[in-house]
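K.L.:
Just so it is clear, I am handing over structure-v5.txt, which has compact mmCIF, C-alpha atoms and all ligand atoms.
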# COMPACT_ATOMS: atom_id res chain seq x y z
CA MET A 1408 -5.57 26.47 11.16
CA ASN A 1409 -6.22 25.54 7.57
CA PHE A 1410 -3.96 22.85 6.20
CA GLN A 1411 -6.37 22.12 3.36
CA HIS A 1412 -5.38 24.55 0.63
CA GLY A 1413 -3.93 24.32 -2.89
CA ILE A 1414 -5.15 22.31 -5.86
CA ARG A 1415 -7.82 19.64 -5.44
CA ASN A 1416 -8.00 20.49 -1.77
CA MET A 1417 -4.67 18.76 -1.23
CA THR A 1418 -2.36 19.76 1.59
CA THR A 1419 0.69 21.66 0.34
CA LEU A 1420 3.84 22.73 2.13
CA PRO A 1421 3.13 26.16 3.61
CA GLN A 1422 5.06 29.06 2.13
CA THR A 1423 6.09 30.31 5.53
CA GLY A 1424 6.58 28.46 8.78
CA SER A 1425 4.08 28.51 11.64
CA ASP A 1426 4.51 29.04 15.32
CA TRP A 1427 5.18 25.72 17.11
CA ASN A 1428 2.67 26.46 19.84
CA ASN A 1429 -0.09 26.75 17.25
CA LEU A 1430 1.07 23.60 15.53
CA LYS A 1431 1.18 21.74 18.83
CA ALA A 1432 -2.33 22.92 19.65
CA HIS A 1433 -3.45 21.61 16.26
CA LEU A 1434 -1.86 18.22 16.93
CA ARG A 1435 -3.58 17.97 20.28
CA ASP A 1436 -6.85 18.98 18.73
CA LEU A 1437 -6.54 16.30 16.06
CA LYS A 1438 -5.98 13.64 18.71
CA LYS A 1439 -9.26 14.41 20.44
CA GLY A 1440 -11.13 12.06 18.13
CA ASP A 1441 -8.75 9.13 18.73
CA ALA A 1442 -9.42 6.06 20.87
CA LYS A 1443 -8.83 6.72 24.56
CA TRP A 1444 -6.12 4.13 25.20
CA LYS A 1445 -5.02 5.53 28.55
CA GLU A 1446 -8.58 5.09 29.75
CA GLY A 1447 -8.55 1.41 28.77
CA ARG A 1448 -10.94 1.85 25.86
CA LEU A 1449 -8.70 0.29 23.23
CA PRO A 1450 -8.14 -3.47 23.58
CA VAL A 1451 -5.63 -3.59 20.69
CA TYR A 1452 -2.69 -1.60 19.21
CA VAL A 1453 -1.42 0.15 22.36
CA TYR A 1454 0.08 -1.39 25.49
CA TYR A 1455 0.01 0.77 28.58
CA TYR A 1456 0.83 -0.15 32.16
CA THR A 1457 1.63 2.87 34.34
CA GLU A 1458 2.46 6.54 33.84
CA GLU A 1459 5.85 5.84 35.41
CA LEU A 1460 6.71 3.14 32.86
CA LEU A 1461 5.48 5.31 30.01
CA ARG A 1462 7.69 8.15 31.25
CA ILE A 1463 10.74 5.87 31.40
CA SER A 1464 10.09 4.62 27.87
CA HIS A 1465 9.55 8.17 26.64
CA GLU A 1466 12.63 9.64 28.29
CA ALA A 1467 14.89 6.83 27.11
CA TYR A 1468 13.50 7.22 23.60
CA MET A 1469 14.11 10.96 23.65
CA GLU A 1470 17.75 10.43 24.76
CA PHE A 1471 18.31 8.71 21.41
CA PHE A 1472 15.62 10.48 19.43
CA ASN A 1473 17.86 11.67 16.61
CA GLU A 1474 20.54 8.99 16.52
CA ASN A 1475 20.64 6.42 13.73
CA ALA A 1476 20.97 2.76 14.67
CA MET A 1477 22.38 1.98 11.23
CA GLY A 1478 25.59 3.77 12.24
CA SER A 1479 26.98 1.37 14.82
CA THR A 1480 30.52 2.77 14.50
CA ALA A 1481 29.30 6.35 14.96
CA PHE A 1482 27.00 5.30 17.80
CA PRO A 1483 28.68 2.52 19.80
CA SER A 1484 26.22 3.36 22.59
CA VAL A 1485 23.28 2.29 20.43
CA ALA A 1486 25.09 -0.87 19.32
CA GLN A 1487 25.75 -1.73 22.97
CA LEU A 1488 22.11 -1.19 23.98
CA GLU A 1489 20.95 -3.28 21.02
CA LYS A 1490 23.33 -6.11 21.95
CA GLU A 1491 22.09 -6.10 25.55
CA VAL A 1492 18.42 -6.12 24.51
CA ILE A 1493 19.03 -9.07 22.16
CA GLU A 1494 20.93 -10.94 24.86
CA MET A 1495 18.16 -10.36 27.42
CA GLY A 1496 15.66 -11.64 24.84
CA LEU A 1497 17.73 -14.74 24.12
CA ASP A 1498 18.15 -15.46 27.81
CA LEU A 1499 14.40 -15.23 28.35
CA LEU A 1500 13.39 -17.19 25.27
CA GLY A 1501 15.50 -20.33 25.41
CA GLY A 1502 18.58 -19.15 23.54
CA GLY A 1503 21.99 -20.66 24.27
CA PRO A 1504 25.59 -19.50 23.78
CA GLN A 1505 25.29 -20.42 20.08
CA SER A 1506 22.16 -18.28 19.54
CA GLY A 1507 21.86 -14.79 18.07
CA GLY A 1508 19.38 -12.23 16.89
CA THR A 1509 18.49 -8.96 15.25
CA PHE A 1510 16.55 -5.97 16.61
CA THR A 1511 13.79 -5.02 14.16
CA SER A 1512 11.08 -2.41 13.80
CA GLY A 1513 8.19 -4.74 14.65
CA GLY A 1514 6.59 -8.12 14.26
CA THR A 1515 6.16 -7.75 10.52
CA GLU A 1516 9.86 -7.03 9.96
CA SER A 1517 10.85 -9.95 12.22
CA ILE A 1518 8.58 -12.27 10.25
CA PHE A 1519 9.87 -10.86 6.97
CA LEU A 1520 13.41 -11.71 8.08
CA ALA A 1521 12.30 -15.22 9.09
CA LEU A 1522 10.82 -15.87 5.65
CA LYS A 1523 13.79 -14.32 3.86
CA SER A 1524 16.18 -16.46 5.92
CA ALA A 1525 14.20 -19.64 5.28
CA ARG A 1526 14.06 -18.83 1.57
CA GLU A 1527 17.85 -18.34 1.30
CA TRP A 1528 18.48 -21.42 3.46
CA ALA A 1529 16.22 -23.55 1.26
CA ARG A 1530 17.84 -22.26 -1.93
CA THR A 1531 21.30 -23.01 -0.61
CA GLU A 1532 20.64 -26.24 1.27
CA LYS A 1533 17.85 -27.80 -0.76
CA GLY A 1534 17.90 -26.09 -4.15
CA ILE A 1535 14.26 -24.99 -3.77
CA GLU A 1536 13.13 -22.08 -5.94
CA ARG A 1537 9.85 -20.29 -5.12
CA PRO A 1538 9.55 -21.98 -1.74
CA LYS A 1539 6.39 -22.55 0.27
CA ILE A 1540 5.49 -21.91 3.90
CA VAL A 1541 3.09 -24.31 5.59
CA MET A 1542 1.11 -22.82 8.45
CA ALA A 1543 -2.18 -23.15 10.29
CA TYR A 1544 -5.18 -21.04 9.28
CA SER A 1545 -4.69 -18.89 12.40
CA GLY A 1546 -1.23 -17.62 11.42
CA HIS A 1547 -0.72 -13.87 11.27
CA VAL A 1548 -1.41 -11.96 8.06
CA SER A 1549 2.14 -10.58 8.03
CA VAL A 1550 3.33 -13.98 6.79
CA ASP A 1551 1.31 -13.60 3.60
CA LYS A 1552 2.37 -9.98 3.30
CA SER A 1553 6.05 -10.96 3.57
CA ALA A 1554 5.61 -13.96 1.26
CA GLY A 1555 4.23 -11.58 -1.36
CA TYR A 1556 7.35 -9.38 -1.17
CA LEU A 1557 9.64 -12.39 -1.25
CA GLY A 1558 8.09 -14.40 -4.07
CA MET A 1559 7.09 -17.19 -1.70
CA GLU A 1560 3.77 -18.99 -1.24
CA THR A 1561 1.78 -19.78 1.88
CA VAL A 1562 -0.38 -22.82 2.44
CA ARG A 1563 -2.85 -22.49 5.33
CA THR A 1564 -4.14 -25.69 6.91
CA PRO A 1565 -7.29 -26.41 8.98
CA LEU A 1566 -7.17 -26.10 12.76
CA ARG A 1567 -7.91 -28.70 15.43
CA PRO A 1568 -11.25 -28.24 17.22
CA ASP A 1569 -9.32 -26.43 19.99
CA ARG A 1570 -8.15 -23.91 17.36
CA ARG A 1571 -4.50 -25.03 17.46
CA ALA A 1572 -2.45 -26.15 14.47
CA ASP A 1573 -3.27 -29.69 13.42
CA ILE A 1574 -0.08 -31.70 12.93
CA LYS A 1575 -1.64 -34.13 10.47
CA ALA A 1576 -2.96 -31.27 8.33
CA LEU A 1577 0.43 -29.54 8.42
CA GLU A 1578 2.21 -32.74 7.43
CA ALA A 1579 -0.23 -33.44 4.62
CA ALA A 1580 0.47 -29.98 3.15
CA ILE A 1581 4.26 -30.44 3.03
CA ASP A 1582 5.64 -31.05 -0.45
CA GLU A 1583 9.00 -30.83 -2.23
CA ARG A 1584 8.77 -27.01 -2.40
CA THR A 1585 8.09 -26.52 1.30
CA CYS A 1586 10.94 -24.76 3.09
CA MET A 1587 9.32 -23.57 6.27
CA LEU A 1588 6.79 -24.35 8.97
CA TYR A 1589 5.34 -21.41 10.86
CA ALA A 1590 3.68 -21.73 14.30
CA SER A 1591 2.09 -19.23 16.68
CA ALA A 1592 2.65 -18.63 20.38
CA PRO A 1593 -0.09 -17.53 20.55
CA GLY A 1594 -1.97 -16.86 17.31
CA TYR A 1595 -3.52 -13.42 17.10
CA PRO A 1596 -7.05 -14.50 16.09
CA HIS A 1597 -7.75 -16.98 18.91
CA GLY A 1598 -4.98 -16.44 21.43
CA VAL A 1599 -3.95 -20.08 21.67
CA ILE A 1600 -0.45 -21.51 21.49
CA ASP A 1601 0.19 -24.10 18.79
CA PRO A 1602 1.74 -27.46 19.81
CA ILE A 1603 5.30 -26.25 19.25
CA GLU A 1604 7.05 -29.43 20.43
CA GLU A 1605 5.11 -31.55 17.94
CA ILE A 1606 5.68 -29.04 15.16
CA GLY A 1607 9.38 -29.00 16.06
CA ALA A 1608 9.49 -32.77 15.64
CA LEU A 1609 7.73 -32.43 12.28
CA ALA A 1610 10.26 -29.80 11.17
CA LYS A 1611 13.12 -32.10 12.08
CA LYS A 1612 11.54 -35.08 10.34
CA HIS A 1613 11.17 -33.16 7.06
CA ARG A 1614 14.29 -30.97 7.54
CA LEU A 1615 12.37 -27.69 7.44
CA TRP A 1616 12.97 -24.26 8.93
CA LEU A 1617 10.55 -23.70 11.84
CA HIS A 1618 9.65 -20.16 12.81
CA VAL A 1619 7.73 -19.57 16.04
CA ASP A 1620 5.75 -16.35 15.97
CA ALA A 1621 5.83 -15.25 19.60
CA CYS A 1622 5.23 -11.61 18.67
CA VAL A 1623 2.38 -11.52 21.19
CA GLY A 1624 3.60 -14.13 23.67
CA GLY A 1625 7.36 -13.58 23.70
CA PHE A 1626 7.38 -11.08 26.54
CA LEU A 1627 4.30 -12.39 28.30
CA ALA A 1628 4.25 -16.21 28.22
CA PRO A 1629 7.53 -16.67 30.17
CA PHE A 1630 6.14 -14.52 33.00
CA VAL A 1631 2.68 -16.08 32.95
CA ARG A 1632 4.54 -19.36 33.43
CA GLU A 1633 6.79 -17.86 36.11
CA ILE A 1634 3.75 -16.89 38.21
CA GLY A 1635 2.50 -20.47 38.14
CA ASN A 1636 0.37 -21.02 35.04
CA PRO A 1637 1.01 -24.00 32.77
CA ILE A 1638 2.51 -22.75 29.49
CA PRO A 1639 3.73 -25.43 27.08
CA PRO A 1640 7.30 -25.22 25.77
CA PHE A 1641 7.37 -22.81 22.83
CA ASP A 1642 10.75 -21.10 22.61
CA LEU A 1643 14.19 -21.55 21.03
CA SER A 1644 15.02 -24.41 23.40
CA VAL A 1645 12.41 -26.66 21.75
CA PRO A 1646 14.16 -29.10 19.39
CA GLY A 1647 13.42 -28.20 15.78
CA VAL A 1648 12.76 -24.48 16.38
CA THR A 1649 15.02 -22.46 14.08
CA SER A 1650 13.86 -18.91 14.78
CA LEU A 1651 11.41 -16.91 16.88
CA SER A 1652 9.93 -13.42 16.79
CA ALA A 1653 9.03 -11.55 19.99
CA ASP A 1654 7.68 -8.02 19.98
CA LEU A 1655 9.05 -5.59 22.53
CA HIS A 1656 6.47 -3.02 21.48
CA LYS A 1657 3.63 -5.29 22.54
CA TYR A 1658 3.94 -7.04 25.91
CA GLY A 1659 7.56 -5.88 26.28
CA PHE A 1660 5.98 -2.42 26.84
CA ALA A 1661 8.66 -0.62 24.81
CA ALA A 1662 7.90 2.22 22.40
CA LYS A 1663 6.56 1.28 18.97
CA GLY A 1664 9.21 0.13 16.53
CA ALA A 1665 10.71 -2.66 18.66
CA SER A 1666 10.81 -6.40 18.06
CA LEU A 1667 13.37 -9.20 18.16
CA PHE A 1668 14.12 -11.77 15.47
CA LEU A 1669 15.99 -14.51 17.32
CA LEU A 1670 17.84 -17.51 15.93
CA ALA A 1671 18.58 -20.75 17.79
CA ASN A 1672 21.86 -20.82 15.87
CA ALA A 1673 23.55 -17.47 15.18
CA GLU A 1674 25.22 -18.96 12.10
CA ASN A 1675 21.88 -18.64 10.35
CA LYS A 1676 22.21 -14.85 10.53
CA LYS A 1677 24.04 -15.20 7.23
CA TYR A 1678 20.66 -15.81 5.56
CA HIS A 1679 19.40 -12.33 6.36
CA ARG A 1680 22.71 -10.53 6.07
CA PHE A 1681 22.99 -8.09 3.19
CA GLU A 1682 26.49 -7.21 2.01
CA PHE A 1683 27.23 -5.11 -1.03
CA SER A 1684 30.18 -3.14 -2.34
CA ASN A 1685 29.64 -2.64 -6.10
CA TRP A 1686 28.76 1.03 -5.85
CA PRO A 1687 30.83 4.19 -5.37
CA ARG A 1688 30.53 4.32 -1.61
CA GLY A 1689 32.24 1.02 -0.74
CA SER A 1690 31.01 -1.82 1.41
CA PHE A 1691 27.61 -1.89 3.05
CA LEU A 1692 26.42 -4.42 5.62
CA SER A 1693 22.96 -4.73 7.14
CA HIS A 1694 20.79 -7.37 8.81
CA THR A 1695 17.48 -5.54 8.65
CA PHE A 1696 14.99 -4.57 5.98
CA GLN A 1697 15.37 -0.96 7.03
CA GLY A 1698 18.42 1.12 6.18
CA SER A 1699 18.41 4.07 8.56
CA ARG A 1700 16.88 2.90 11.81
CA ALA A 1701 15.41 4.75 14.74
CA ALA A 1702 17.56 4.35 17.85
CA GLY A 1703 14.76 5.55 20.16
CA PRO A 1704 12.92 2.19 20.27
CA ILE A 1705 16.16 0.39 21.16
CA ALA A 1706 16.83 2.77 24.06
CA SER A 1707 13.19 2.53 25.13
CA ALA A 1708 13.27 -1.28 25.11
CA TRP A 1709 16.53 -1.35 27.04
CA ALA A 1710 15.22 1.07 29.67
CA VAL A 1711 11.84 -0.62 30.10
CA MET A 1712 13.38 -4.11 30.35
CA ASN A 1713 15.83 -2.94 32.99
CA ALA A 1714 13.23 -0.88 34.85
CA LEU A 1715 10.79 -3.82 35.07
CA GLY A 1716 13.06 -6.85 35.38
CA HIS A 1717 11.50 -10.27 35.98
CA GLU A 1718 9.55 -8.95 38.95
CA GLY A 1719 7.94 -6.11 37.02
CA TYR A 1720 6.98 -8.31 34.07
CA CYS A 1721 5.58 -10.94 36.47
CA GLU A 1722 3.44 -8.25 38.07
CA ILE A 1723 2.12 -7.25 34.63
CA ALA A 1724 1.40 -10.92 33.86
CA ARG A 1725 -0.53 -11.16 37.14
CA VAL A 1726 -2.58 -8.06 36.32
CA ILE A 1727 -3.41 -9.37 32.83
CA MET A 1728 -4.38 -12.85 34.00
CA ASP A 1729 -6.53 -11.45 36.85
CA THR A 1730 -8.23 -9.02 34.48
CA LYS A 1731 -8.93 -11.88 32.10
CA LYS A 1732 -10.58 -13.87 34.90
CA ARG A 1733 -12.76 -10.87 35.81
CA LEU A 1734 -13.67 -10.25 32.18
CA ILE A 1735 -14.60 -13.90 31.60
CA ALA A 1736 -16.73 -13.99 34.75
CA GLY A 1737 -18.42 -10.70 33.79
CA VAL A 1738 -19.19 -11.74 30.20
CA GLN A 1739 -20.58 -15.09 31.35
CA LYS A 1740 -23.02 -13.29 33.63
CA ILE A 1741 -24.53 -11.37 30.67
CA LYS A 1742 -27.54 -13.22 29.28
CA GLY A 1743 -27.00 -14.16 25.64
CA LEU A 1744 -23.21 -13.94 25.64
CA ARG A 1745 -20.68 -16.75 25.88
CA VAL A 1746 -16.91 -16.82 26.22
CA LEU A 1747 -16.04 -18.68 23.08
CA GLU A 1748 -12.30 -18.91 23.56
CA PRO A 1749 -10.53 -17.86 26.76
CA GLY A 1750 -7.11 -18.19 25.07
CA ASP A 1751 -3.87 -19.18 26.77
CA LEU A 1752 -2.63 -15.68 27.59
CA CYS A 1753 -4.05 -12.25 26.84
CA ILE A 1754 -6.39 -12.71 23.87
CA LEU A 1755 -9.94 -13.94 24.19
CA MET A 1756 -13.16 -14.02 22.20
CA TYR A 1757 -16.81 -13.94 23.14
CA ASP A 1758 -19.90 -14.30 21.00
CA SER A 1759 -23.69 -14.39 21.16
CA ILE A 1760 -25.75 -17.50 21.75
CA ASP A 1761 -29.02 -15.60 21.41
CA PRO A 1762 -30.22 -15.38 17.78
CA ARG A 1763 -31.75 -11.97 18.57
CA VAL A 1764 -28.38 -10.58 19.65
CA ASP A 1765 -26.04 -9.85 16.77
CA VAL A 1766 -22.56 -9.58 18.24
CA TYR A 1767 -21.39 -7.07 15.60
CA ALA A 1768 -24.35 -4.86 16.51
CA VAL A 1769 -23.23 -5.13 20.16
CA ALA A 1770 -19.74 -4.04 19.05
CA GLU A 1771 -21.21 -1.09 17.16
CA HIS A 1772 -23.29 -0.03 20.15
CA MET A 1773 -20.21 -0.25 22.37
CA GLY A 1774 -18.41 1.92 19.81
CA LYS A 1775 -21.05 4.61 20.32
CA LYS A 1776 -20.22 4.51 24.02
CA GLY A 1777 -16.55 5.18 23.28
CA TRP A 1778 -15.20 1.62 23.38
CA PHE A 1779 -13.11 0.39 20.50
CA VAL A 1780 -14.26 -3.18 19.92
CA GLY A 1781 -12.39 -5.69 17.74
CA ARG A 1782 -14.40 -8.09 15.61
CA SER A 1783 -13.42 -11.58 14.39
CA THR A 1784 -14.94 -13.24 11.37
CA THR A 1785 -14.06 -16.91 11.92
CA PRO A 1786 -15.77 -17.55 14.22
CA LYS A 1787 -18.01 -14.49 14.39
CA ALA A 1788 -17.11 -12.93 17.71
CA ILE A 1789 -15.80 -9.95 19.66
CA HIS A 1790 -12.02 -10.09 19.96
CA VAL A 1791 -10.17 -8.67 22.98
CA VAL A 1792 -6.42 -8.15 23.31
CA LEU A 1793 -6.02 -7.41 27.01
CA ASN A 1794 -3.66 -4.87 28.39
CA PRO A 1795 -3.36 -3.50 31.91
CA ALA A 1796 -4.96 -0.18 30.94
CA MET A 1797 -8.26 -2.08 30.79
CA THR A 1798 -8.11 -3.20 34.41
CA PRO A 1799 -9.53 -0.04 36.03
CA ALA A 1800 -12.03 0.37 33.16
CA LEU A 1801 -13.39 -3.17 33.33
CA ASP A 1802 -16.39 -2.59 35.60
CA GLN A 1803 -17.68 0.19 33.33
CA TYR A 1804 -16.98 -1.97 30.25
CA LEU A 1805 -19.15 -4.76 31.66
CA ILE A 1806 -21.95 -2.36 32.60
CA ASP A 1807 -21.92 -0.90 29.08
CA LEU A 1808 -21.70 -4.36 27.53
CA ALA A 1809 -24.76 -5.61 29.41
CA GLU A 1810 -26.63 -2.49 28.32
CA ALA A 1811 -25.50 -2.93 24.69
CA VAL A 1812 -26.70 -6.55 24.65
CA GLU A 1813 -30.12 -5.54 25.99
CA HIS A 1814 -30.33 -2.73 23.44
CA VAL A 1815 -29.55 -5.08 20.54
CA ARG A 1816 -31.93 -7.74 21.85
CA SER A 1817 -34.77 -5.24 21.98
CA THR A 1818 -34.03 -3.55 18.64
CA GLN A 1819 -32.72 -6.68 16.84
CA GLU A 1820 -30.18 -4.50 15.07
CA VAL A 1821 -27.64 -6.19 12.83
CA GLY A 1822 -24.08 -4.87 12.68
CA ASN A 1823 -21.16 -5.08 10.29
CA VAL A 1824 -17.70 -6.43 10.66
CA ASP A 1825 -15.25 -3.54 10.60
CA HIS A 1826 -12.58 -4.66 8.16
CA ARG A 1827 -10.08 -2.07 9.28
CA SER A 1828 -9.95 -3.25 12.87
CA TYR A 1829 -8.30 -6.60 13.06
C1 LIG A 1901 1.03 -13.01 16.20
C2 LIG A 1901 1.45 -11.74 15.50
N1 LIG A 1901 2.48 -11.78 14.65
C3 LIG A 1901 2.90 -10.67 14.00
C4 LIG A 1901 2.29 -9.46 14.18
C5 LIG A 1901 2.75 -8.25 13.42
O1 LIG A 1901 3.31 -7.35 14.30
P1 LIG A 1901 3.49 -5.78 13.96
O2 LIG A 1901 2.12 -5.21 13.90
O3 LIG A 1901 4.33 -5.30 15.10
O4 LIG A 1901 4.21 -5.68 12.66
C6 LIG A 1901 1.21 -9.38 15.06
C7 LIG A 1901 0.50 -8.11 15.27
O5 LIG A 1901 -0.48 -8.02 15.97
C8 LIG A 1901 0.78 -10.54 15.74
O6 LIG A 1901 -0.26 -10.52 16.59
Please re-express this file's structure in structure tokens.
P.N.:
Amino acid sequence: MNFQHGIRNMTTLPQTGSDWNNLKAHLRDLKKGDAKWKEGRLPVYVYYYTEELLRISHEAYMEFFNENAMGSTAFPSVAQLEKEVIEMGLDLLGGGPQSGGTFTSGGTESIFLALKSAREWARTEKGIERPKIVMAYSGHVSVDKSAGYLGMETVRTPLRPDRRADIKALEAAIDERTCMLYASAPGYPHGVIDPIEEIGALAKKHRLWLHVDACVGGFLAPFVREIGNPIPPFDLSVPGVTSLSADLHKYGFAAKGASLFLLANAENKKYHRFEFSNWPRGSFLSHTFQGSRAAGPIASAWAVMNALGHEGYCEIARVIMDTKKRLIAGVQKIKGLRVLEPGDLCILMYDSIDPRVDVYAVAEHMGKKGWFVGRSTTPKAIHVVLNPAMTPALDQYLIDLAEAVEHVRSTQEVGNVDHRSY
């Protein structure tokens, strides 16, 4: 099937429609070159547990495939599901009767709403124009992306030697334009949880908005703790925490397009509420960046949360923590490699301690064997975001990794960091 026709080899809308079976075959063909996430070859982007859970997520999504979550009066069912998902999130993440939240399309939208709320709060409460966010160097890139949209500035501060936010450095960066502190639970680059209690105290001392980015940890850390691992306090119950983001489409195992932006005090929802009536169509009210919103991710999140319950999520946490132990032990056995940062939850890094073994070259060699391998720049390392799909693939991964290290040692190849994979 030729989709490449028309001027300058650009794709144009076909004059006549095509048979769906042919189109479907084309879609399936296209996918053949993609990373094999079901086979555990993609330690990033996709979260996969079992076929059964995927089917539940898929079926629930399809039930609400064409509905629009913007229309809560037309679709009270969607509004009800959304309310229940938010309430389950609040219950899990330290919310109280005074707390509230908003269902968003992903971590970036949740963080955007956090920054927007802090900006409006600071304008109203402190008269700050062009406010600043103070955060550790390890904070997620979506903060800078959102700050750009919102006319805000970020200040990134050095980390402690254990790669967590350094309180003294954060405090030193606070000035009269600072409106917000941002902390990670855990940070994406190193997988460690910042000292949220200390940062909460700092936020209170300087009367700042504190956002905890638990996009990765929100639906994993509570269960890792529940199965007996020490996880420091990080959620809405920590004094000084104003808001928290937790992604359902990561370790919540919902379909893509699902995250929660939660507020310790629901009154603060006013800072991300948009109300407008000066146009011909009357009043408009919205709490999200999006206008029309997919209802499928809400239904998927609701179904997956109810299908798993605490027990199901604890089982996933067990699988992830066991897989991490096996991966760490396996990497440590490979001559020339070292586990640089085991992380607190599901993210870890390993690097090379042999000058003849370039870790990016190892990543490239693994790529040739069909493994998608994430690369970090600071420090130079291989970056793994664990998910249960990797568990059955782990033995083969370690065999291929040992072979890749030997190959690079003997050829002394030097690899590149792949800027697209973060
Ligand atoms: C800590 C953290 N925050 C925010 C985000 C952004 O989430 P999303 O990609 O869902 O927009 C990510 C994504 O990996 C993340 O790891």
K.L.:
With all atoms listed in the file counted and 6 Å as the cut-off, give the residues of chain A in contact with ligand LIG 1901 (chain A), each with its shortest interatomic distance in Å and the pair that gives it, as JSON lines.
P.N.:
{"residue": "A:Gly1513", "atom": "CA", "partner": "A:LIG1901", "partner_atom": "O3", "distance": 3.9}
{"residue": "A:Gly1514", "atom": "CA", "partner": "A:LIG1901", "partner_atom": "O1", "distance": 3.4}
{"residue": "A:Thr1515", "atom": "CA", "partner": "A:LIG1901", "partner_atom": "O4", "distance": 3.6}
{"residue": "A:His1547", "atom": "CA", "partner": "A:LIG1901", "partner_atom": "N1", "distance": 5.1}
{"residue": "A:Ser1549", "atom": "CA", "partner": "A:LIG1901", "partner_atom": "C5", "distance": 5.9}
{"residue": "A:Gly1594", "atom": "CA", "partner": "A:LIG1901", "partner_atom": "C1", "distance": 5.0}
{"residue": "A:Tyr1595", "atom": "CA", "partner": "A:LIG1901", "partner_atom": "O6", "distance": 4.4}
{"residue": "A:Asp1620", "atom": "CA", "partner": "A:LIG1901", "partner_atom": "N1", "distance": 5.8}
{"residue": "A:Cys1622", "atom": "CA", "partner": "A:LIG1901", "partner_atom": "N1", "distance": 4.9}
{"residue": "A:Val1623", "atom": "CA", "partner": "A:LIG1901", "partner_atom": "C1", "distance": 5.4}
K.L.:
For C-alpha atoms, I'd like the residues from the last selection saved as a PDB file, in the coordinates of the input.
P.N.:
ATOM      1  CA  GLY A1513       8.190  -4.740  14.650  1.00  0.00           C
ATOM      2  CA  GLY A1514       6.590  -8.120  14.260  1.00  0.00           C
ATOM      3  CA  THR A1515       6.160  -7.750  10.520  1.00  0.00           C
ATOM      4  CA  HIS A1547      -0.720 -13.870  11.270  1.00  0.00           C
ATOM      5  CA  SER A1549       2.140 -10.580   8.030  1.00  0.00           C
ATOM      6  CA  GLY A1594      -1.970 -16.860  17.310  1.00  0.00           C
ATOM      7  CA  TYR A1595      -3.520 -13.420  17.100  1.00  0.00           C
ATOM      8  CA  ASP A1620       5.750 -16.350  15.970  1.00  0.00           C
ATOM      9  CA  CYS A1622       5.230 -11.610  18.670  1.00  0.00           C
ATOM     10  CA  VAL A1623       2.380 -11.520  21.190  1.00  0.00           C
TER      11      VAL A1623
END
K.L.:
Quick one: residues within 9 Å of Val1599 (chain A), all atoms listed in the file, excluding same-chain residues fewer than 6 positions away - as a PyMOL selection string?
P.N.:
chain A and resi 1569-1571+1591-1593+1748-1752+1754-1755
K.L.:
So, counting all atoms listed in the file, which residue among A:Pro1629, A:Pro1795, A:Val1711, A:Glu1718 is closest to Ala1467 (chain A)?
P.N.:
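Closest candidate: A:Val1711.
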K.L.:
Would you please work out which residue, of A:Thr1509, A:Asn1429, A:Asn1636, A:Gln1422, is nearest to Arg1680 (chain A) when using all atoms listed in the file?
P.N.:
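The answer is A:Thr1509, which sits nearest to Arg1680 (chain A).
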K.L.:
Please list as a ChimeraX atom specification every residue within 12 Å of Gly1647 (chain A), counting all atoms listed in the file and excluding residues in the same chain fewer than 4 positions away.
P.N.:
/A:1587-1590,1603-1619,1641-1643,1651,1670-1672
K.L.:
For region 1722-1734 of chain A, please output as a list in words all residues within 7 Å (counting all atoms listed in the file; exclusion window: fewer than 5 positions along the same chain).
P.N.:
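Non-adjacent residues within range: Leu1627, Phe1630, Val1631, Cys1753, Leu1793, Asn1794, Pro1795 and Thr1798 of chain A.
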K.L.:
Tell me, in Å to one decimal, how far CA of Gly1625 (chain A) is from CA of Ala1543 (chain A).
P.N.:
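So the two atoms, CA of Gly1625 (chain A) and CA of Ala1543 (chain A), lie 19.0 Å apart.
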K.L.:
I'd like to know which of A:Phe1683, A:Tyr1804, A:Tyr1767, A:Tyr1468 is closest to Ala1708 (chain A), using only C-alpha atoms.
P.N.:
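Under the stated criterion, the closest residue is A:Tyr1468.
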K.L.:
Which residue out of A:Thr1531, A:Ser1517, A:Thr1784, A:Gln1487 has the minimum interatomic distance to Ala1621 (chain A) when only C-alpha atoms are used?
P.N.:
A:Ser1517
K.L.:
Find, counting all atoms listed in the file, the residue in A:Gly1719, A:Gly1501, A:Gly1774, A:Pro1538 that gets nearest to Gly1558 (chain A).
P.N.:
A:Pro1538
K.L.:
Calculate how many Å separate CA of Ser1545 (chain A) from CA of Thr1564 (chain A), rounding to one decimal.
P.N.:
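One can read the CA of Ser1545 (chain A) to CA of Thr1564 (chain A) distance as 8.8 Å.
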K.L.:
With only C-alpha atoms as the basis for distance, which of A:Ala1442, A:Leu1566, A:Ile1705, A:Val1550 is at the shortest distance from Ser1512 (chain A)?
P.N.:
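Of the candidates, the smallest distance to Ser1512 (chain A) is held by A:Ile1705.
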K.L.:
Can you pull out every residue within 6 Å of region 1475-1486 of chain A, counting all atoms listed in the file, but drop anything in the same chain fewer than 2 positions away, and send it as an MDAnalysis selection string?
P.N.:
chainID A and resid 1488:1489 1699:1702
K.L.:
Excluding region 1739-1741 of chain A and its own-chain neighbours fewer than 5 positions away, which residues fall within 9 Å of it when counting all atoms listed in the file? Please give them as a ChimeraX atom specification.
P.N.:
/A:1734,1746,1805,1808-1809,1812
K.L.:
In Å, with one decimal, what is the gap from CA of Ile1638 (chain A) to CA of Ser1666 (chain A)?
P.N.:
21.6 Å
K.L.:
Hey, could you pull the box centre and edge lengths for region 1792-1797 of chain A, axis-aligned, 6 Å padding per side, all listed atoms, to one decimal in Å, as AutoDock Vina command-line options?
P.N.:
--center_x -5.8 --center_y -4.2 --center_z 27.6 --size_x 16.9 --size_y 20.0 --size_z 20.6
